[in-house]
Structures are given as C-alpha cells and as structure tokens.
Amino acid sequence: MKDMLENHKIWIIFLFLLVLTGCSTEDTTPKSQDASKATNGGELVISSVREPDTLDVQKTTWVDNANVHLFDYLIGRDMDGSIIPGLVKDYTIADDGKSWTFHLRENVKFHSGEELTAESVKASMERFIKQSPVNFLAGPITGVEASDKSTLIVNFSEPYAPFIAGLTSIYLSPLDPAALKSEGDKFGNKPSGTGPLLFEKWIRGDSITFVKNEQYNWGPSDAENKGGTNVDKVVFRFIKDENTRMLEFNQGNIQIMLDVPPSSVKTLENTSGVQLHKLLDNGLTYLAINNDKPLFQDPKVRKAINLAIDRNQIVQYAMEGYAKPMYGPLSPTIPGYSEKVEKMAEQMYTRNVEQAKQLLHDAGWSNVNGNGVLVKEGKQLSIELLLTEEPVMQRIAQILQNQLKEVGIDLRITVQDDSTIRTNESKKMHDLILWQYGWSDPDILYILFGKDIPTRLFSTPELEELLIKGRQTMDEKARMAVYERVQELLVTESPWVPLFARERITAYRDIEGFKVNPYKKIVIQDIKLKKQQ
C-alpha cells in the first residue's frame with residue numbers, strides 16, 4: 001500500500017492548472033469606501049432561490065449552501081481543487097485499487113457532544129449505501145470496517161477511481177449517531193453533524209436558521225478561522241421573486257444574495273458598497289431528453305432539436321451574457337473536459353434551421369398544419385418541457401419555445417416544483433426537462449448515462465463499457481483519455497442538449513471575509529458583519 005494524498009494532490013494541481021483557465025472568479029470593487037468595521041456576533045442573512053427538500057443529505061439528490069454547513073467533509077478541496085485533509089487526515093489506497101484505508105482526525109465532536117470515531121463514520125456510510133438516492137456515488141463497496149477508533153477501511157469489488165469525488169462531497173459526510181438514533185426517519189427535520197453551524201429552526205417556505213457551533217475548532221485549511229462562525233446566527237431566506245430579492249438586498253435586510261438575477265448585475269455593479277463574486281459552474285444547464293420515448297429514439301429528431309437551438313441567443317438574452325455557451329458534455333471546470341470535443345460539438349450543432357428541418361423531414365415529419373407545426377401520421381410534433389419556478393429558467397424556456405417553433409416543433413412549457421420534476425423523471429413520464437448538473441469529476445457522465453442509473457438519459461453497449469472503464473481506471477492520464485472518448489460518443493449520438501455553463505454570481509454587502517470555495521460553497525467561518533459607524 002502507498003500513501004496517495006500527496007500523489008493525488010500533484011495530479012489535481014496539474015489538471016486544474018489546465019481547466020481553470022475557463023473559470024471566471026471575480027470580486028468587483030465597491031464604488032465608494034463605506035465607513036464600517038468588522039465585528040463578531042450578529043445575524044448573517046443569505047437569500048437563496050431554492051429551498052432544500054430535506055436537511056438529511058442522505059435523502060436528497062442535491063445540496064447547496066442552505067444544507068451543507070451542518071456537516072464536515074471527509075476529504076476537502078482547496079480553492080484550486082487540490083485534495084486537502086478534512087475529517088480524514090490521511091489515507092492510502094491498495095495497489096489493486098480495491099481497498100482504501102482512512103485515518104481520522106482526533107478530538108472532533110458531533111453537535112450532540114459524541115466523539116467522531118471510525119464506528120460512527122462506518123454507520124453513516126452504511127446508511128448512505130442503504131438509502132441514499134445517490135448511493136451509486138459510493139461505488140461497488142463490499143464492506144466497511146472500523147479497524148480501530150480512528151481507522152476506517154473501505155473495500156470494493158473492483159477499483160473505483162471516482163470514490164475521491166464522493167468523499168469530497170457532503171453526501172458522504174458523517175451524521176451524528178445520537179441524532180440518528182433519536183430522530184430516526186425524521187433526522188432531516190432536526191439534523192446534526194460536526195459542522196460549524198447547528199440547526200435551530202426551519203419555517204417551511206420561508207427560511208432556515210442556524211446558530212454558531214461553539215465547540216467547533218477543526219476548520220478546514222481553506223478557512224482562516226478554524227473555529228466556529230464569527231456570526232452568532234446564519235439565516236437562509238428562500239425568495240423566488242427577483243424583484244423581492246433585490247428589494248430586500250438593497251434595503252440591507254440581506255447581506256448575501258446567491259444567484260443574482262442576470263438582469264440585476266449591471267445595477268449592482270454600480271451600487272455603492274456592493275461587491276460581486278463571479279464563478280463559472282462545475283456543471284451545465286441542459287435539456288434532458290427522455291430517450292425511452294419512441295419519438296426520441298430516432299437520432300434525426302434528437303439532432304434536429306440540437307440544431308434548432310441557438311445557445312448564444314439564450315446566453316445573451318436569458319442570462320444577460322453571464323454564461324458560457326456549451327455544445328459538449330463537460331464544463332471547462334471539470335477534470336477531463338476536452339477542448340477538442342467541444343470544438344467538434346460546436347461545429348456539429350451550431351444553429352442551422354434548414355438542416356434541422358431537413359432532418360425532421362427525413363424522419364417523416366413532412367406535413368405542416370395551419371399553425372406551422374409538423375405532422376406525421378396525423379400526429380403533431382408537440383413536446384412538453386418541464387422546468388422549475390426559477391425565473392431565469394422560465395425565460396430560457398420561452399426562448400427555446402420560439403426557436404423550436406421555427407423548425408416546426410410545438411414546445412409546451414410546464415412549470416413544476418423540483419420534487420415533482422424528479423418524480424416524473426424517475427418514472428420516465430417527461431419529454432424534455434430543463435435541468436442542471438454539477439459535480440467535480442467526469443464520473444458525472446456515469447451519473448447521467450450509467451447502466452445502473454434509474455434516470456439515465458441514454459445508453460449503448462459501447463457507452464456502458466466506457467463509463468465503467470472510466471470508473472475502474474486508477475491511472476489519471478489513462479482515465480481522462482477514456483472520458484474523451486465518452487464525450488465524442490455523446491456528441492455523435494446527441495442524446496441530450498447541453499446549453500451553457502452558468503456564471504454563478506453572488507452579491508454581498510456589509511460583511512468582510514467573504515470567499516467561495518468552488519467545490520464547497522461559501523467559506524462561512526470567515527465572514528464577519530460590518531458595524532456601521
């Protein structure tokens with residue numbers, strides 16, 4: 001066995017030097033100097049568009065700033081993506097790649113006061129494997145052992161390279177065994193971990209309130225403050241309406257506004273005392289196509305949809321330019337991104353209305369009714385698009401509707417809540433979904449297209465084989481070569497429609513110490529409120 005922490009750090013640094021050239025991180029300077037100084041204590045208020053479905057990270061399919069700070073990462077990533085210690089101080093991987101041994105930090109406590117041990121991490125990991133809707137992130141685990149108080153051994157049936165990505169996500173963070181015992185299935189209503197914040201209350205449809213973890217002193221290396229938060233409370237307010245969010249922020253009722261509406265960026269850039277942070281997403285916004293439906297099993301139809309869409313127009317008008325048009329499967333900030341494949345995809349799928357029409361004609365959609373919609377065997381080419389209530393997504397949908405109409409496709413827009421969309425997706429009841437993904441590893445392509453994924457978008461024998469090979473290949477250079485071939489195959493088959501990588505923009509005021517780790521969200525421990533003079 002050999003120590004992998006430093007070796008892994010070397011290739012991550014090298015890889016991110018390549019890919020982060022496509023990542024935009026920026027803080028704009030306030031237009032005037034405000035007379036204030038930072039102070040400890042007080043209440044930090046953050047606005048968010050999406051409310052978590054649960055605070056039990058083992059029962060959800062997505063996490064963000066509103067539900068991550070209760071927990072700590074087993075393994076961390078610093079600001080440039082390099083692997084750093086978390087609750088795991090070091091680890092080794094067996095030469096055959098089938099056994100990982102982890103040594104835990106000492107003197108770490110859960111919110112209940114119980115000590116973090118290998119047994120508690122084992123119990124958490126086994127619960128994740130048993131019930132999480134994203135348990136495939138753990139890979140082909142055959143067993144988890146606690147060989148002593150601070151040593152954990154995870155065994156696999158085969159090598160599993162993406163395990164590191166799961167370990168650096170909050171999904172595999174240890175949960176408080178005392179809370180799990182007392183709350184059972186209701187753990188999500190009263191969660192507990194080892195993180196810098198403790199849960200206080202949740203007003204559904206309105207806000208979640210957290211308080212400072214006074215005993216916390218094991219902060220990660222990307223935080224200057226290794227202890228609990230400088231503020232006493234952190235409140236996440238969930239506000240979908242863009243005008244309301246802007247009003248509350250401008251009135252000083254909110255210090256941090258996540259996902260600034262693109263239409264408000266210019267205004268905020270010229271607002272005294274406001275700063276903006278911009279970061280290209282580790283993922284894409286895309287159209288998920290239900291390839292189980294006969295209509296989409298014809299590649300001509302899928303390619304016609306791709307060719308009908310003008311990504312630049314979407315970025316310009318829906319995103320106000322704060323996004324990067326994408327044609328290939330991976331964002332530039334994800335390891336394995338291939339500029340060669342992206343250029344190939346752009347050449348193939350830059351908007352071409354006439355070519356899209358010809359493909360649909362070749363697929364048998366040759367007649368047009370009085371509304372300009374194509375007809376085949378008496379049936380109109382009408383497709384339903386599901387999307388969330390986020391205003392920017394609705395603007396994108398309207399643009400898509402107009403673009404597809406030009407080639408004879410009737411796009412029907414249906415707005416649903418996130419959980420309903422996920423239910424429809426799992427039951428394959430949708431046509432198209434305007435969806436997003438985010439992940440720090442090219443194994444996201446397995447998560448989207450893998451053989452064992454219930455919601456997989458598409459599959460072929462070659463694609464299945466390549467995605468499994470990408471998981472089993474421990475050599476990073478060879479692994480990235482596998483994913484380049486995966487990307488080429490996806491571009492050729494056109495089973496979905498990549499649209500853009502969003503530039504996530506956060507506005508903040510009346511605070512200092514703000515920074516965002518691209519892989520772990522806001523570094524909450526370092527923030528202090530400014531006291532006006």
# chains A, B, ... in the order shown; residues from 1 in each chain; ligands from 1

call {"tool": "residues_around", "arguments": {"residues": "segment 501-512 of chain A", "least_positions_apart": "5", "cutoff": "7 Å", "atoms": "only C-alpha atoms", "output": "list of chain:residue names"}}
result
A:Ala38, A:Gln255, A:Ile256, A:Met257, A:Leu258, A:Asp259, A:Val260, A:Gly273, A:Val274, A:Gln275, A:Leu276, A:His277, A:Lys278, A:Leu279, A:Leu280, A:Asp281, A:Gly283, A:Leu284, A:Thr285, A:Tyr322, A:Ala323, A:Lys324, A:Pro325, A:Met326, A:Ser331, A:Ile527, A:Lys528, A:Leu529, A:Lys530

call {"tool": "closest_residue", "arguments": {"among": "A:Val407, A:Ile289, A:Leu167, A:Leu74", "to": "Leu374 of chain A", "atoms": "only C-alpha atoms"}}
result
A:Val407

call {"tool": "closest_residue", "arguments": {"among": "A:Leu467, A:Ile46, A:Leu499, A:Leu411", "to": "Pro162 of chain A", "atoms": "only C-alpha atoms"}}
result
A:Leu467

call {"tool": "residues_around", "arguments": {"residues": "Arg479 of chain A", "least_positions_apart": "2", "cutoff": "12 Å", "atoms": "only C-alpha atoms", "output": "PyMOL selection string"}}
result
chain A and resi 160-162+335-337+441-443+466-477+481-486

call {"tool": "atom_distance", "arguments": {"atom1": "atom CA of Ala223 of chain A", "atom2": "atom CA of Asp526 of chain A"}}
result
6.4 Å

call {"tool": "select_by_dssp", "arguments": {"residues": "segment 61-179 of chain A", "states": "strand (DSSP E)", "output": "ChimeraX atom specification"}}
result
/A:75-77,83-85,88-93,99-104,141-148,151-156

call {"tool": "residues_around", "arguments": {"residues": "segment 309-312 of chain A", "least_positions_apart": "2", "cutoff": "8 Å", "atoms": "only C-alpha atoms", "output": "PyMOL selection string"}}
result
chain A and resi 305-307+314-316+325-326+350-351+400+403-404+499-500

call {"tool": "select_by_dssp", "arguments": {"residues": "segment 224-351 of chain A", "states": "alpha helix (DSSP H)", "output": "count of residues only"}}
result
42

call {"tool": "closest_residue", "arguments": {"among": "A:Ile75, A:Ala178, A:Leu386, A:Val63", "to": "Glu115 of chain A", "atoms": "only C-alpha atoms"}}
result
A:Ala178

call {"tool": "residues_around", "arguments": {"residues": "Val523 of chain A", "least_positions_apart": "2", "cutoff": "9 Å", "atoms": "only C-alpha atoms", "output": "ChimeraX atom specification"}}
result
/A:222-223,513-517,520-521,525-527

call {"tool": "write_last_selection", "arguments": {"atoms": "N, CA, C and O atoms", "output": "mmCIF file, in the first residue's frame"}}
result
data_model
loop_
_atom_site.group_PDB
_atom_site.id
_atom_site.type_symbol
_atom_site.label_atom_id
_atom_site.label_comp_id
_atom_site.auth_asym_id
_atom_site.auth_seq_id
_atom_site.Cartn_x
_atom_site.Cartn_y
_atom_site.Cartn_z
ATOM 1 N N ASP A 222 -8.862 25.830 4.042
ATOM 2 C CA ASP A 222 -9.253 26.958 3.205
ATOM 3 C C ASP A 222 -9.927 28.055 4.017
ATOM 4 O O ASP A 222 -10.233 29.127 3.495
ATOM 5 N N ALA A 223 -10.149 27.820 5.333
ATOM 6 C CA ALA A 223 -10.719 28.832 6.210
ATOM 7 C C ALA A 223 -9.633 29.390 7.114
ATOM 8 O O ALA A 223 -8.867 28.646 7.719
ATOM 9 N N GLY A 513 -14.508 39.256 4.753
ATOM 10 C CA GLY A 513 -14.069 37.867 4.853
ATOM 11 C C GLY A 513 -14.828 36.929 3.938
ATOM 12 O O GLY A 513 -14.716 35.702 4.078
ATOM 13 N N PHE A 514 -15.577 37.479 2.977
ATOM 14 C CA PHE A 514 -16.350 36.626 2.078
ATOM 15 C C PHE A 514 -15.442 35.969 1.044
ATOM 16 O O PHE A 514 -14.618 36.622 0.418
ATOM 17 N N LYS A 515 -15.608 34.672 0.868
ATOM 18 C CA LYS A 515 -14.959 33.953 -0.220
ATOM 19 C C LYS A 515 -15.733 32.672 -0.487
ATOM 20 O O LYS A 515 -16.447 32.156 0.383
ATOM 21 N N VAL A 516 -15.578 32.179 -1.708
ATOM 22 C CA VAL A 516 -16.288 30.975 -2.125
ATOM 23 C C VAL A 516 -15.282 29.927 -2.554
ATOM 24 O O VAL A 516 -14.432 30.193 -3.411
ATOM 25 N N ASN A 517 -15.345 28.762 -1.949
ATOM 26 C CA ASN A 517 -14.596 27.617 -2.442
ATOM 27 C C ASN A 517 -15.419 27.008 -3.570
ATOM 28 O O ASN A 517 -16.572 26.648 -3.354
ATOM 29 N N LYS A 520 -16.846 23.737 -2.363
ATOM 30 C CA LYS A 520 -17.501 23.595 -1.063
ATOM 31 C C LYS A 520 -18.369 24.805 -0.716
ATOM 32 O O LYS A 520 -18.654 25.059 0.440
ATOM 33 N N LYS A 521 -18.737 25.581 -1.688
ATOM 34 C CA LYS A 521 -19.627 26.723 -1.488
ATOM 35 C C LYS A 521 -18.954 27.813 -0.639
ATOM 36 O O LYS A 521 -17.744 27.932 -0.595
ATOM 37 N N GLN A 525 -17.102 30.263 7.836
ATOM 38 C CA GLN A 525 -16.430 30.571 9.108
ATOM 39 C C GLN A 525 -15.766 31.942 9.113
ATOM 40 O O GLN A 525 -15.596 32.547 10.163
ATOM 41 N N ASP A 526 -15.349 32.446 7.938
ATOM 42 C CA ASP A 526 -14.532 33.659 7.904
ATOM 43 C C ASP A 526 -15.340 34.948 7.826
ATOM 44 O O ASP A 526 -14.789 36.045 7.922
ATOM 45 N N ILE A 527 -16.622 34.864 7.645
ATOM 46 C CA ILE A 527 -17.434 36.064 7.428
ATOM 47 C C ILE A 527 -17.695 36.799 8.741
ATOM 48 O O ILE A 527 -18.032 36.208 9.762
#

call {"tool": "closest_residue", "arguments": {"among": "A:Val45, A:Leu489, A:Phe187, A:Thr61", "to": "Phe249 of chain A", "atoms": "only C-alpha atoms"}}
result
A:Val45

call {"tool": "atom_distance", "arguments": {"atom1": "atom CA of Ile239 of chain A", "atom2": "atom CA of Val49 of chain A"}}
result
5.4 Å

call {"tool": "residues_around", "arguments": {"residues": "Leu359 of chain A", "least_positions_apart": "5", "cutoff": "7 Å", "atoms": "only C-alpha atoms", "output": "PyMOL selection string"}}
result
chain A and resi 300-301+304

call {"tool": "residues_around", "arguments": {"residues": "Glu114 of chain A", "least_positions_apart": "5", "cutoff": "10 Å", "atoms": "only C-alpha atoms", "output": "list in words"}}
result
Val108, Lys109, Ser120, Asp176, Pro177, Ala178 and Thr194 of chain A

call {"tool": "write_last_selection", "arguments": {"atoms": "all heavy atoms", "output": "CSV table (one decimal), in the first residue's frame"}}
result
chain,number,residue,atom,x,y,z
A,108,VAL,N,-12.6,15.4,17.4
A,108,VAL,CA,-13.8,16.0,16.7
A,108,VAL,C,-15.1,15.6,17.3
A,108,VAL,O,-15.2,14.4,17.6
A,108,VAL,CB,-13.7,15.6,15.2
A,108,VAL,CG1,-15.0,16.1,14.4
A,108,VAL,CG2,-12.5,16.2,14.5
A,109,LYS,N,-16.0,16.5,17.5
A,109,LYS,CA,-17.2,16.2,18.2
A,109,LYS,C,-18.4,16.5,17.3
A,109,LYS,O,-18.4,17.4,16.5
A,109,LYS,CB,-17.4,17.0,19.5
A,109,LYS,CG,-16.2,16.9,20.4
A,109,LYS,CD,-16.5,15.7,21.3
A,109,LYS,CE,-15.3,15.5,22.3
A,109,LYS,NZ,-15.7,15.5,23.7
A,120,SER,N,-18.6,5.5,14.0
A,120,SER,CA,-19.7,6.5,13.6
A,120,SER,C,-19.6,6.8,12.1
A,120,SER,O,-20.7,6.9,11.4
A,120,SER,CB,-19.6,7.7,14.4
A,120,SER,OG,-18.4,8.4,14.3
A,176,ASP,N,-24.5,12.6,12.8
A,176,ASP,CA,-24.5,12.5,14.3
A,176,ASP,C,-25.2,11.2,14.7
A,176,ASP,O,-26.4,11.1,14.5
A,176,ASP,CB,-25.1,13.7,15.0
A,176,ASP,CG,-24.9,13.8,16.4
A,176,ASP,OD1,-24.7,12.7,17.1
A,176,ASP,OD2,-24.8,14.9,17.0
A,177,PRO,N,-24.5,10.2,15.3
A,177,PRO,CA,-25.2,9.0,15.6
A,177,PRO,C,-26.3,9.1,16.7
A,177,PRO,O,-27.3,8.4,16.7
A,177,PRO,CB,-24.1,8.1,16.1
A,177,PRO,CG,-23.0,9.0,16.5
A,177,PRO,CD,-23.1,10.2,15.6
A,178,ALA,N,-26.1,10.1,17.6
A,178,ALA,CA,-27.1,10.3,18.6
A,178,ALA,C,-28.4,10.9,18.0
A,178,ALA,O,-29.5,10.4,18.4
A,178,ALA,CB,-26.5,11.3,19.7
A,194,THR,N,-21.0,17.5,12.3
A,194,THR,CA,-19.8,18.0,13.0
A,194,THR,C,-19.5,19.4,12.5
A,194,THR,O,-18.4,19.9,12.9
A,194,THR,CB,-18.6,17.1,12.8
A,194,THR,OG1,-18.3,17.1,11.4
A,194,THR,CG2,-18.9,15.7,13.2

call {"tool": "closest_residue", "arguments": {"among": "A:Arg77, A:Thr142, A:Glu242, A:Val121", "to": "Ser48 of chain A", "atoms": "only C-alpha atoms"}}
result
A:Glu242

call {"tool": "closest_residue", "arguments": {"among": "A:Tyr216, A:Phe136, A:Asp56, A:Asn402", "to": "Lys451 of chain A", "atoms": "only C-alpha atoms"}}
result
A:Phe136

call {"tool": "atom_distance", "arguments": {"atom1": "atom CA of Leu287 of chain A", "atom2": "atom CA of Ile433 of chain A"}}
result
5.6 Å

call {"tool": "decode", "arguments": {"residues": "segment 274-287 of chain A", "atoms": "all heavy atoms", "output": "short mmCIF file (atom, residue, chain, number, x, y, z; two decimals), in the first residue's frame"}}
result
data_model
loop_
_atom_site.label_atom_id
_atom_site.label_comp_id
_atom_site.auth_asym_id
_atom_site.auth_seq_id
_atom_site.Cartn_x
_atom_site.Cartn_y
_atom_site.Cartn_z
N VAL A 274 -21.55 47.53 -2.64
CA VAL A 274 -21.88 46.17 -3.05
C VAL A 274 -20.71 45.55 -3.80
O VAL A 274 -20.08 46.20 -4.63
CB VAL A 274 -23.14 46.15 -3.94
CG1 VAL A 274 -23.39 44.75 -4.50
CG2 VAL A 274 -24.35 46.62 -3.16
N GLN A 275 -20.42 44.31 -3.51
CA GLN A 275 -19.40 43.57 -4.23
C GLN A 275 -20.03 42.33 -4.86
O GLN A 275 -21.00 41.78 -4.34
CB GLN A 275 -18.26 43.15 -3.30
CG GLN A 275 -17.42 44.34 -2.82
CD GLN A 275 -16.29 43.89 -1.92
OE1 GLN A 275 -16.51 43.61 -0.74
NE2 GLN A 275 -15.11 43.83 -2.46
N LEU A 276 -19.45 41.92 -5.99
CA LEU A 276 -19.94 40.75 -6.70
C LEU A 276 -18.83 39.72 -6.83
O LEU A 276 -17.67 40.07 -7.07
CB LEU A 276 -20.42 41.13 -8.10
CG LEU A 276 -21.58 42.12 -8.21
CD1 LEU A 276 -21.90 42.38 -9.68
CD2 LEU A 276 -22.80 41.63 -7.47
N HIS A 277 -19.20 38.47 -6.68
CA HIS A 277 -18.28 37.35 -6.89
C HIS A 277 -18.83 36.52 -8.03
O HIS A 277 -20.01 36.14 -8.03
CB HIS A 277 -18.19 36.50 -5.62
CG HIS A 277 -17.28 35.31 -5.76
ND1 HIS A 277 -17.70 34.12 -6.29
CD2 HIS A 277 -15.97 35.14 -5.44
CE1 HIS A 277 -16.70 33.26 -6.28
NE2 HIS A 277 -15.63 33.85 -5.78
N LYS A 278 -17.98 36.24 -9.03
CA LYS A 278 -18.41 35.52 -10.22
C LYS A 278 -17.57 34.25 -10.37
O LYS A 278 -16.36 34.28 -10.25
CB LYS A 278 -18.25 36.40 -11.47
CG LYS A 278 -19.03 37.71 -11.39
CD LYS A 278 -18.77 38.61 -12.60
CE LYS A 278 -19.48 39.94 -12.47
NZ LYS A 278 -19.19 40.84 -13.62
N LEU A 279 -18.26 33.15 -10.67
CA LEU A 279 -17.58 31.86 -10.76
C LEU A 279 -18.29 30.97 -11.78
O LEU A 279 -19.51 30.78 -11.69
CB LEU A 279 -17.57 31.18 -9.39
CG LEU A 279 -16.87 29.82 -9.30
CD1 LEU A 279 -15.36 30.01 -9.38
CD2 LEU A 279 -17.24 29.13 -7.99
N LEU A 280 -17.53 30.44 -12.72
CA LEU A 280 -18.12 29.53 -13.70
C LEU A 280 -18.45 28.21 -13.03
O LEU A 280 -17.64 27.64 -12.30
CB LEU A 280 -17.14 29.30 -14.87
CG LEU A 280 -17.75 28.67 -16.13
CD1 LEU A 280 -18.74 29.60 -16.78
CD2 LEU A 280 -16.64 28.30 -17.11
N ASP A 281 -19.66 27.71 -13.29
CA ASP A 281 -20.16 26.49 -12.66
C ASP A 281 -19.32 25.26 -12.97
O ASP A 281 -18.77 25.13 -14.06
CB ASP A 281 -21.58 26.21 -13.16
CG ASP A 281 -22.60 26.31 -12.05
OD1 ASP A 281 -22.21 26.45 -10.89
OD2 ASP A 281 -23.80 26.25 -12.36
N ASN A 282 -19.30 24.31 -12.00
CA ASN A 282 -18.75 22.97 -12.25
C ASN A 282 -19.84 22.10 -12.88
O ASN A 282 -20.07 20.98 -12.44
CB ASN A 282 -18.31 22.30 -10.94
CG ASN A 282 -17.20 23.04 -10.27
OD1 ASN A 282 -16.45 23.76 -10.90
ND2 ASN A 282 -17.11 22.91 -8.97
N GLY A 283 -20.50 22.60 -13.87
CA GLY A 283 -21.58 21.83 -14.47
C GLY A 283 -22.26 22.60 -15.57
O GLY A 283 -21.80 23.67 -15.97
N LEU A 284 -23.35 22.04 -16.07
CA LEU A 284 -24.06 22.60 -17.21
C LEU A 284 -25.55 22.70 -16.94
O LEU A 284 -26.11 21.94 -16.17
CB LEU A 284 -23.87 21.73 -18.46
CG LEU A 284 -22.47 21.52 -19.03
CD1 LEU A 284 -22.55 20.65 -20.27
CD2 LEU A 284 -21.80 22.84 -19.34
N THR A 285 -26.17 23.64 -17.63
CA THR A 285 -27.62 23.64 -17.80
C THR A 285 -27.88 22.97 -19.14
O THR A 285 -27.21 23.26 -20.13
CB THR A 285 -28.17 25.07 -17.79
OG1 THR A 285 -27.90 25.67 -16.51
CG2 THR A 285 -29.67 25.08 -18.05
N TYR A 286 -28.85 22.06 -19.17
CA TYR A 286 -29.04 21.25 -20.37
C TYR A 286 -30.50 20.84 -20.52
O TYR A 286 -31.31 21.00 -19.59
CB TYR A 286 -28.17 19.98 -20.30
CG TYR A 286 -28.50 19.04 -19.17
CD1 TYR A 286 -29.36 17.96 -19.36
CD2 TYR A 286 -27.95 19.23 -17.90
CE1 TYR A 286 -29.67 17.09 -18.31
CE2 TYR A 286 -28.27 18.38 -16.85
CZ TYR A 286 -29.12 17.31 -17.06
OH TYR A 286 -29.44 16.46 -16.03
N LEU A 287 -30.84 20.34 -21.69
CA LEU A 287 -32.14 19.73 -21.93
C LEU A 287 -32.00 18.22 -21.81
O LEU A 287 -31.29 17.59 -22.59
CB LEU A 287 -32.65 20.08 -23.33
CG LEU A 287 -33.32 21.44 -23.55
CD1 LEU A 287 -33.75 21.56 -25.00
CD2 LEU A 287 -34.50 21.62 -22.62
#
